[in-house]
file coords_16.txt (compact mmCIF, C-alpha atoms)
# COMPACT_ATOMS: atom_id res chain seq x y z
CA ILE A 1 48.55 -20.82 -71.04
CA VAL A 2 52.03 -19.34 -70.65
CA TYR A 3 51.91 -17.75 -67.19
CA ILE A 4 49.84 -17.47 -64.00
CA ASN A 5 50.76 -15.12 -61.19
CA PRO A 6 51.13 -16.23 -57.53
CA ALA A 7 47.71 -14.84 -56.54
CA LEU A 8 45.93 -16.91 -59.20
CA ARG A 9 47.95 -19.99 -58.30
CA ARG A 10 46.82 -19.61 -54.66
CA LEU A 11 43.21 -19.23 -55.83
CA PHE A 12 43.47 -22.35 -58.00
CA GLU A 13 44.98 -24.31 -55.11
CA ALA A 14 42.14 -23.24 -52.81
CA CYS A 15 39.50 -24.13 -55.42
CA ALA A 16 41.17 -27.24 -56.89
CA ASP A 17 38.70 -29.79 -55.51
CA ASP A 18 35.70 -27.82 -56.77
CA LEU A 19 37.30 -27.26 -60.20
CA ARG A 20 38.08 -30.99 -60.54
CA GLU A 21 34.35 -31.75 -60.35
CA ARG A 22 34.09 -30.30 -63.85
CA TYR A 23 37.69 -30.70 -65.00
CA PRO A 24 39.04 -33.98 -63.55
CA TRP A 25 42.43 -33.32 -65.14
CA PHE A 26 42.86 -29.97 -63.32
CA ASP A 27 46.19 -29.57 -61.44
CA PRO A 28 47.23 -26.06 -60.28
CA ALA A 29 50.91 -27.10 -60.42
CA ARG A 30 50.64 -28.03 -64.11
CA ILE A 31 48.29 -25.41 -65.48
CA VAL A 32 51.04 -23.56 -67.38
CA GLY A 33 51.36 -25.23 -70.76
CA GLU A 34 47.78 -26.49 -70.84
CA SER A 35 45.49 -25.35 -73.65
CA LEU A 36 42.61 -23.04 -72.83
CA ASP A 37 40.49 -25.30 -75.04
CA ARG A 38 40.38 -27.89 -72.25
CA PHE A 39 38.17 -25.55 -70.22
CA HIS A 40 35.46 -25.44 -72.91
CA THR A 41 33.09 -28.04 -74.34
CA ASP A 42 33.11 -26.20 -77.69
CA PRO A 43 36.61 -24.76 -78.23
CA THR A 44 35.78 -23.60 -81.77
CA HIS A 45 32.96 -21.40 -80.49
CA GLN A 46 35.26 -19.98 -77.80
CA ARG A 47 37.95 -19.14 -80.37
CA ARG A 48 35.39 -17.26 -82.46
CA LEU A 49 34.35 -15.24 -79.39
CA LEU A 50 37.98 -14.34 -78.65
CA ALA A 51 38.61 -13.32 -82.25
CA ALA A 52 35.57 -11.02 -82.26
CA MET A 53 36.27 -9.59 -78.79
CA GLY A 54 37.00 -5.91 -78.36
CA GLU A 55 39.66 -4.67 -75.95
CA GLU A 56 37.91 -6.18 -72.92
CA HIS A 57 35.26 -8.78 -72.12
CA VAL A 58 33.77 -9.70 -68.72
CA ALA A 59 32.10 -13.04 -68.05
CA ARG A 60 30.73 -14.82 -64.97
CA ILE A 61 31.01 -18.57 -64.62
CA GLN A 62 29.97 -21.08 -61.99
CA VAL A 63 31.87 -24.29 -61.31
CA GLY A 64 30.13 -26.37 -58.65
CA PRO A 65 29.63 -24.08 -55.64
CA ARG A 66 32.24 -21.59 -56.90
CA ARG A 67 31.37 -18.42 -58.81
CA PHE A 68 34.03 -16.44 -60.66
CA ARG A 69 34.21 -13.23 -62.63
CA LEU A 70 36.64 -13.44 -65.55
CA THR A 71 37.94 -10.27 -67.18
CA LEU A 72 39.67 -10.82 -70.53
CA ARG A 73 41.88 -8.18 -72.14
CA ARG A 74 43.99 -8.25 -75.27
CA ALA A 75 47.73 -8.35 -74.56
CA ARG A 76 49.85 -6.25 -76.91
CA ASP A 77 53.46 -5.37 -77.49
CA ALA A 78 55.12 -3.04 -79.99
CA SER A 79 54.26 -5.36 -82.86
CA GLY A 80 50.56 -5.65 -81.96
CA PRO A 81 48.34 -8.29 -80.27
CA VAL A 82 50.24 -11.19 -78.74
CA GLY A 83 47.55 -12.97 -76.75
CA TYR A 84 45.11 -12.45 -73.90
CA LEU A 85 45.23 -11.56 -70.22
CA VAL A 86 42.61 -13.23 -68.03
CA GLU A 87 41.88 -11.98 -64.51
CA TRP A 88 40.05 -14.36 -62.16
CA PHE A 89 38.02 -12.99 -59.26
CA ASP A 90 36.38 -15.28 -56.69
CA LEU A 91 32.87 -13.87 -56.31
CA GLY A 92 32.09 -16.33 -53.55
CA SER A 93 34.63 -14.86 -51.13
CA ALA A 94 33.61 -11.32 -52.07
CA ILE A 95 29.93 -12.08 -51.49
CA VAL A 96 30.63 -13.76 -48.14
CA ALA A 97 32.78 -10.81 -47.06
CA GLU A 98 30.06 -8.39 -48.16
CA GLN A 99 27.40 -10.34 -46.26
CA HIS A 100 29.55 -10.33 -43.12
CA ALA A 101 30.08 -6.58 -43.52
CA LEU A 102 26.34 -5.98 -43.96
CA ARG A 103 25.50 -8.05 -40.87
CA LEU A 104 28.10 -6.16 -38.84
CA ARG A 105 26.82 -2.82 -40.12
CA SER A 106 23.25 -3.79 -39.26
CA ALA A 107 24.31 -4.82 -35.76
CA LEU A 108 26.18 -1.56 -35.20
CA ASP A 109 23.31 0.52 -36.57
CA GLY A 110 20.89 -1.17 -34.18
CA MET A 111 23.01 -0.68 -31.06
CA PRO A 112 21.36 1.61 -28.47
CA CYS A 113 24.72 3.07 -27.46
CA LYS A 114 26.17 5.87 -29.57
CA LEU A 115 29.14 4.75 -31.65
CA MET A 116 31.39 6.68 -33.98
CA ILE A 117 34.52 5.65 -35.92
CA ALA A 118 37.11 8.17 -37.16
CA ASP A 119 40.35 7.80 -39.08
CA ALA A 120 43.82 8.95 -38.03
CA GLU A 121 43.04 12.42 -39.42
CA ASP A 122 39.99 12.66 -37.13
CA ARG A 123 37.58 12.39 -40.09
CA VAL A 124 34.31 10.62 -39.36
CA LEU A 125 34.06 7.29 -41.19
CA TYR A 126 30.91 5.97 -39.53
CA ALA A 127 28.27 6.96 -37.00
CA ASN A 128 25.49 4.59 -35.98
CA GLU A 129 21.85 5.62 -35.85
CA ALA A 130 21.89 6.43 -32.13
CA CYS A 131 24.88 8.72 -32.66
CA GLN A 132 23.18 10.40 -35.63
CA GLN A 133 20.12 11.09 -33.46
CA LEU A 134 22.27 12.57 -30.70
CA LEU A 135 24.08 14.88 -33.14
CA GLN A 136 20.95 15.59 -35.21
CA ARG A 137 22.95 14.89 -38.36
CA ASP A 138 22.56 12.10 -40.90
CA GLN A 139 25.30 9.75 -42.06
CA ALA A 140 25.88 11.66 -45.32
CA SER A 141 26.54 14.96 -43.53
CA LEU A 142 28.86 13.33 -40.98
CA LEU A 143 31.03 11.29 -43.36
CA GLY A 144 34.39 12.97 -43.89
CA MET A 145 33.67 15.72 -41.35
CA PRO A 146 36.48 16.41 -38.86
CA PHE A 147 35.11 15.18 -35.55
CA ASP A 148 36.73 18.06 -33.69
CA ALA A 149 34.49 20.42 -35.72
CA LEU A 150 31.61 19.03 -33.63
CA VAL A 151 33.41 19.85 -30.36
CA ILE A 152 32.90 23.31 -28.86
CA ASP A 153 35.93 25.61 -28.84
CA GLY A 154 36.60 25.30 -25.12
CA ASP A 155 36.86 21.50 -25.28
CA ARG A 156 38.46 21.03 -28.72
CA GLN A 157 42.08 21.13 -27.58
CA ARG A 158 41.48 18.53 -24.85
CA TRP A 159 39.82 16.20 -27.37
CA GLN A 160 42.63 16.62 -29.92
CA ALA A 161 45.26 15.85 -27.26
CA LEU A 162 43.48 12.69 -26.07
CA ALA A 163 42.75 11.45 -29.63
CA ALA A 164 46.38 11.94 -30.67
CA ALA A 165 47.66 10.15 -27.57
CA VAL A 166 45.31 7.17 -28.03
CA LEU A 167 46.21 6.85 -31.73
CA ALA A 168 49.92 7.01 -30.90
CA GLY A 169 49.53 4.37 -28.20
CA GLU A 170 50.76 6.85 -25.60
CA ALA A 171 47.59 6.83 -23.50
CA ALA A 172 45.29 4.14 -22.26
CA PRO A 173 41.67 4.62 -23.30
CA GLU A 174 39.92 6.96 -20.90
CA LYS A 175 36.67 8.88 -20.74
CA LEU A 176 36.53 12.60 -21.44
CA GLU A 177 33.61 14.89 -20.68
CA LEU A 178 33.02 17.57 -23.31
CA CYS A 179 30.30 19.41 -25.22
CA LEU A 180 29.28 18.63 -28.81
CA LEU A 181 27.29 20.86 -31.13
CA SER A 182 24.25 19.21 -32.68
CA GLY A 183 23.00 19.98 -36.16
CA GLY A 184 20.31 22.14 -34.58
CA GLY A 185 22.90 24.25 -32.74
CA GLU A 186 22.20 22.69 -29.32
CA GLN A 187 25.12 21.88 -27.03
CA ARG A 188 25.09 18.29 -25.81
CA THR A 189 27.20 17.36 -22.80
CA VAL A 190 28.68 13.93 -23.42
CA GLU A 191 31.26 11.54 -22.07
CA ILE A 192 33.37 10.05 -24.86
CA ALA A 193 35.60 6.97 -24.58
CA PRO A 194 37.99 6.59 -27.54
CA SER A 195 40.07 3.49 -28.22
CA ARG A 196 42.32 2.45 -31.10
CA ILE A 197 41.85 -0.42 -33.53
CA ASP A 198 43.93 -1.25 -36.61
CA ILE A 199 42.36 -2.37 -39.90
CA ASP A 200 44.72 -3.19 -42.78
CA ASP A 201 47.49 -1.45 -40.80
CA ASP A 202 45.46 1.78 -40.65
CA PRO A 203 44.81 3.08 -37.11
CA LEU A 204 41.21 4.05 -36.38
CA LEU A 205 39.47 5.64 -33.41
CA VAL A 206 36.39 3.84 -32.11
CA CYS A 207 34.44 6.15 -29.82
CA PHE A 208 31.55 5.25 -27.53
CA ILE A 209 29.59 8.39 -26.65
CA TYR A 210 27.39 8.71 -23.57
CA ASP A 211 24.85 11.55 -23.46
CA LEU A 212 25.02 13.37 -20.12
CA SER A 213 22.76 16.27 -21.15
CA GLU A 214 19.64 15.10 -19.30
CA TYR A 215 21.71 14.18 -16.25
CA LYS A 216 23.30 17.65 -16.25
CA ARG A 217 19.90 19.33 -16.61
CA ARG A 218 18.47 17.26 -13.75
CA GLU A 219 21.50 18.06 -11.61
CA ALA A 220 21.06 21.78 -12.33
CA ARG A 221 17.36 21.60 -11.41
CA GLU A 222 18.20 19.86 -8.13
CA ARG A 223 20.80 22.52 -7.26
CA SER A 224 18.29 25.24 -8.06
CA LEU A 225 15.63 23.63 -5.87
CA PHE A 226 18.16 23.17 -3.06
CA ARG A 227 19.06 26.89 -3.18
CA LEU A 228 15.37 27.85 -3.19
CA PHE A 229 14.69 25.55 -0.24
CA ALA A 230 17.64 27.05 1.65
CA GLN A 231 16.36 30.57 1.03
CA ILE A 232 12.88 29.64 2.27
CA ILE A 233 14.25 28.02 5.44
CA ASP A 234 16.65 30.89 6.10
CA GLY A 235 13.88 33.47 5.76
CA ASP A 236 11.49 31.66 8.10
CA PRO A 237 11.03 33.70 11.33
CA VAL A 238 10.55 30.44 13.25
CA PRO A 239 13.88 28.96 14.46
CA THR A 240 14.39 25.97 12.17
CA PHE A 241 17.08 23.47 11.38
CA VAL A 242 17.14 20.48 9.01
CA LEU A 243 18.84 17.10 9.47
CA ASN A 244 19.81 14.56 6.82
CA ALA A 245 19.60 10.76 7.13
CA GLN A 246 22.92 10.72 9.00
CA HIS A 247 21.53 13.23 11.56
CA GLN A 248 23.89 15.92 10.30
CA VAL A 249 22.66 19.51 10.20
CA THR A 250 22.16 20.69 6.60
CA HIS A 251 20.30 23.97 7.35
CA TRP A 252 20.39 26.28 10.39
CA ASN A 253 18.40 29.39 9.75
CA LYS A 254 18.99 32.92 10.99
CA ALA A 255 16.24 32.69 13.63
CA CYS A 256 17.85 29.53 15.01
CA ALA A 257 21.24 31.23 15.12
CA ALA A 258 19.74 34.24 16.93
CA ILE A 259 17.94 32.24 19.60
CA THR A 260 20.83 29.81 20.27
CA GLY A 261 23.71 32.18 19.79
CA THR A 262 25.38 29.62 17.48
CA ALA A 263 26.14 30.68 13.90
CA ALA A 264 25.21 28.36 10.99
CA ALA A 265 28.89 28.07 10.02
CA GLU A 266 29.63 26.42 13.38
CA ILE A 267 26.87 23.82 13.27
CA VAL A 268 26.09 22.93 9.63
CA GLY A 269 27.71 19.60 8.75
CA THR A 270 27.96 18.46 12.37
CA THR A 271 25.76 16.41 14.72
CA ARG A 272 26.05 18.89 17.61
CA GLN A 273 22.47 20.16 17.27
CA TRP A 274 21.42 18.66 20.63
call {"tool": "encode", "arguments": {"input": "coords_16.txt", "output": "structure tokens"}}
result
Amino acid sequence: IVYINPALRRLFEACADDLRERYPWFDPARIVGESLDRFHTDPTHQRRLLAAMGEEHVARIQVGPRRFRLTLRRARDASGPVGYLVEWFDLGSAIVAEQHALRLRSALDGMPCKLMIADAEDRVLYANEACQQLLQRDQASLLGMPFDALVIDGDRQRWQALAAAVLAGEAAPEKLELCLLSGGGEQRTVEIAPSRIDIDDDPLLVCFIYDLSEYKRREARERSLFRLFAQIIDGDPVPTFVLNAQHQVTHWNKACAAITGTAAAEIVGTTRQW
């Protein structure tokens, strides 16, 4: 062994105790100069494998609780083969990281709130299942799509301005009401709250999305019923007025105005009905 790079030295230092269970002589500080034969119970067999190897060979080994992937390549210079390059990869850390990522992804997918993550270019990187249902689009169709393409024309500029300000750190996270287009062409009124996180020095937008569509529809129905009620009261030939819980006049129909001589504009909103 003629050289190990700093990354492999750090790996050996982290794994030294586990490696010493099989190789009691192992010392990361003294590995350069050691013979590769010391890692094998049958060095002759290992030399035959190396001699017969093509340009690359990949092997997996386990030492105690540690699992590694070794990638061997022939090293060459202008005169031809001069030795071998061996890349060590700690499968244990990769598997743990992957398991953590899968658990996090599962947790995000199962959240009832609608969550979307976009990169600094406003491209969708992730949308959980609740968000996919809201937008009537699956993960595959959303990935890489500019999020502002989902925003209706009238709201797009406001979204772009807020997203840019949050990414630049120029604005505190705030909620913005806008309309999104679902995959079925339906407009969904939502409230979106973007915030910035940084992963590996890359800024990302994490957006929680609240569906206001049903609330807006219910609000519209209530306004419509209120107008209908007002028209019915106003057209009643019997003098009629309506009070709310605070005893304020909310309706004062034409018959009431005619008999009292007081116009609705003077009395509605007051408590002067008596």
call {"tool": "residues_near_point", "arguments": {"input": "coords_16.txt", "point": "(52.8, -16.9, -73.7)", "cutoff": "9 Å", "atoms": "all atoms listed in the file", "output": "list in words"}}
result
Ile1, Val2, Tyr3, Gly33, Val82, Gly83 and Tyr84 of chain A
call {"tool": "residues_around", "arguments": {"input": "coords_16.txt", "residues": "A:Cys131", "least_positions_apart": "3", "cutoff": "7 Å", "atoms": "only C-alpha atoms", "output": "number ranges by chain"}}
result
A: 114-116, 127-128, 134-135
call {"tool": "closest_residue", "arguments": {"input": "coords_16.txt", "among": "A:Ala168, A:Arg123, A:Ala264, A:Leu150", "to": "A:Val190", "atoms": "all atoms listed in the file"}}
result
A:Leu150
call {"tool": "residues_around", "arguments": {"input": "coords_16.txt", "residues": "A:Arg67", "least_positions_apart": "4", "cutoff": "8 Å", "atoms": "only C-alpha atoms", "output": "list in words"}}
result
Arg60, Ile61, Gln62, Val63, Asp90, Leu91 and Gly92 of chain A
call {"tool": "residues_near_point", "arguments": {"input": "coords_16.txt", "point": "(21.6, 30.7, 12.7)", "cutoff": "10 Å", "atoms": "all atoms listed in the file", "output": "ChimeraX atom specification"}}
result
/A:234,239-241,251-268
call {"tool": "residues_around", "arguments": {"input": "coords_16.txt", "residues": "stretch 44-51 of chain A", "least_positions_apart": "4", "cutoff": "12 Å", "atoms": "all atoms listed in the file", "output": "list of chain:residue names"}}
result
A:Ser35, A:Leu36, A:Asp37, A:Arg38, A:Phe39, A:His40, A:Glu55, A:Glu56, A:His57, A:Val58, A:Ala59, A:Leu72, A:Arg73, A:Arg74, A:Pro81, A:Gly83, A:Tyr84, A:Leu85, A:Val86
call {"tool": "write_last_selection", "arguments": {"input": "coords_16.txt", "atoms": "C-alpha atoms", "output": "mmCIF file, in the coordinates of the input"}}
result
data_model
loop_
_atom_site.group_PDB
_atom_site.id
_atom_site.type_symbol
_atom_site.label_atom_id
_atom_site.label_comp_id
_atom_site.auth_asym_id
_atom_site.auth_seq_id
_atom_site.Cartn_x
_atom_site.Cartn_y
_atom_site.Cartn_z
ATOM 1 C CA SER A 35 45.490 -25.350 -73.650
ATOM 2 C CA LEU A 36 42.610 -23.040 -72.830
ATOM 3 C CA ASP A 37 40.490 -25.300 -75.040
ATOM 4 C CA ARG A 38 40.380 -27.890 -72.250
ATOM 5 C CA PHE A 39 38.170 -25.550 -70.220
ATOM 6 C CA HIS A 40 35.460 -25.440 -72.910
ATOM 7 C CA GLU A 55 39.660 -4.670 -75.950
ATOM 8 C CA GLU A 56 37.910 -6.180 -72.920
ATOM 9 C CA HIS A 57 35.260 -8.780 -72.120
ATOM 10 C CA VAL A 58 33.770 -9.700 -68.720
ATOM 11 C CA ALA A 59 32.100 -13.040 -68.050
ATOM 12 C CA LEU A 72 39.670 -10.820 -70.530
ATOM 13 C CA ARG A 73 41.880 -8.180 -72.140
ATOM 14 C CA ARG A 74 43.990 -8.250 -75.270
ATOM 15 C CA PRO A 81 48.340 -8.290 -80.270
ATOM 16 C CA GLY A 83 47.550 -12.970 -76.750
ATOM 17 C CA TYR A 84 45.110 -12.450 -73.900
ATOM 18 C CA LEU A 85 45.230 -11.560 -70.220
ATOM 19 C CA VAL A 86 42.610 -13.230 -68.030
#
call {"tool": "atom_distance", "arguments": {"input": "coords_16.txt", "atom1": "atom CA of A:Lys175", "atom2": "atom CA of A:Phe208"}}
result
9.2 Å
call {"tool": "atom_distance", "arguments": {"input": "coords_16.txt", "atom1": "atom CA of A:Leu178", "atom2": "atom CA of A:Ile152"}}
result
8.0 Å
call {"tool": "atom_distance", "arguments": {"input": "coords_16.txt", "atom1": "atom CA of A:Leu205", "atom2": "atom CA of A:Asp155"}}
result
18.0 Å
call {"tool": "closest_residue", "arguments": {"input": "coords_16.txt", "among": "A:Gly144, A:Gly54, A:Pro112, A:Pro194", "to": "A:Val166", "atoms": "only C-alpha atoms"}}
result
A:Pro194
call {"tool": "closest_residue", "arguments": {"input": "coords_16.txt", "among": "A:Gln160, A:Gln231, A:Thr250, A:Asn5", "to": "A:Trp88", "atoms": "all atoms listed in the file"}}
result
A:Asn5
call {"tool": "axis_aligned_box", "arguments": {"input": "coords_16.txt", "around": "stretch 153-160 of chain A", "padding_each_side": "5 Å", "output": "lines of an AutoDock Vina configuration file"}}
result
center_x = 39.3
center_y = 20.9
center_z = -27.4
size_x = 16.7
size_y = 19.4
size_z = 15.1
call {"tool": "closest_residue", "arguments": {"input": "coords_16.txt", "among": "A:Pro43, A:Gly269, A:Pro65, A:Asp109", "to": "A:Asp17", "atoms": "only C-alpha atoms"}}
result
A:Pro65
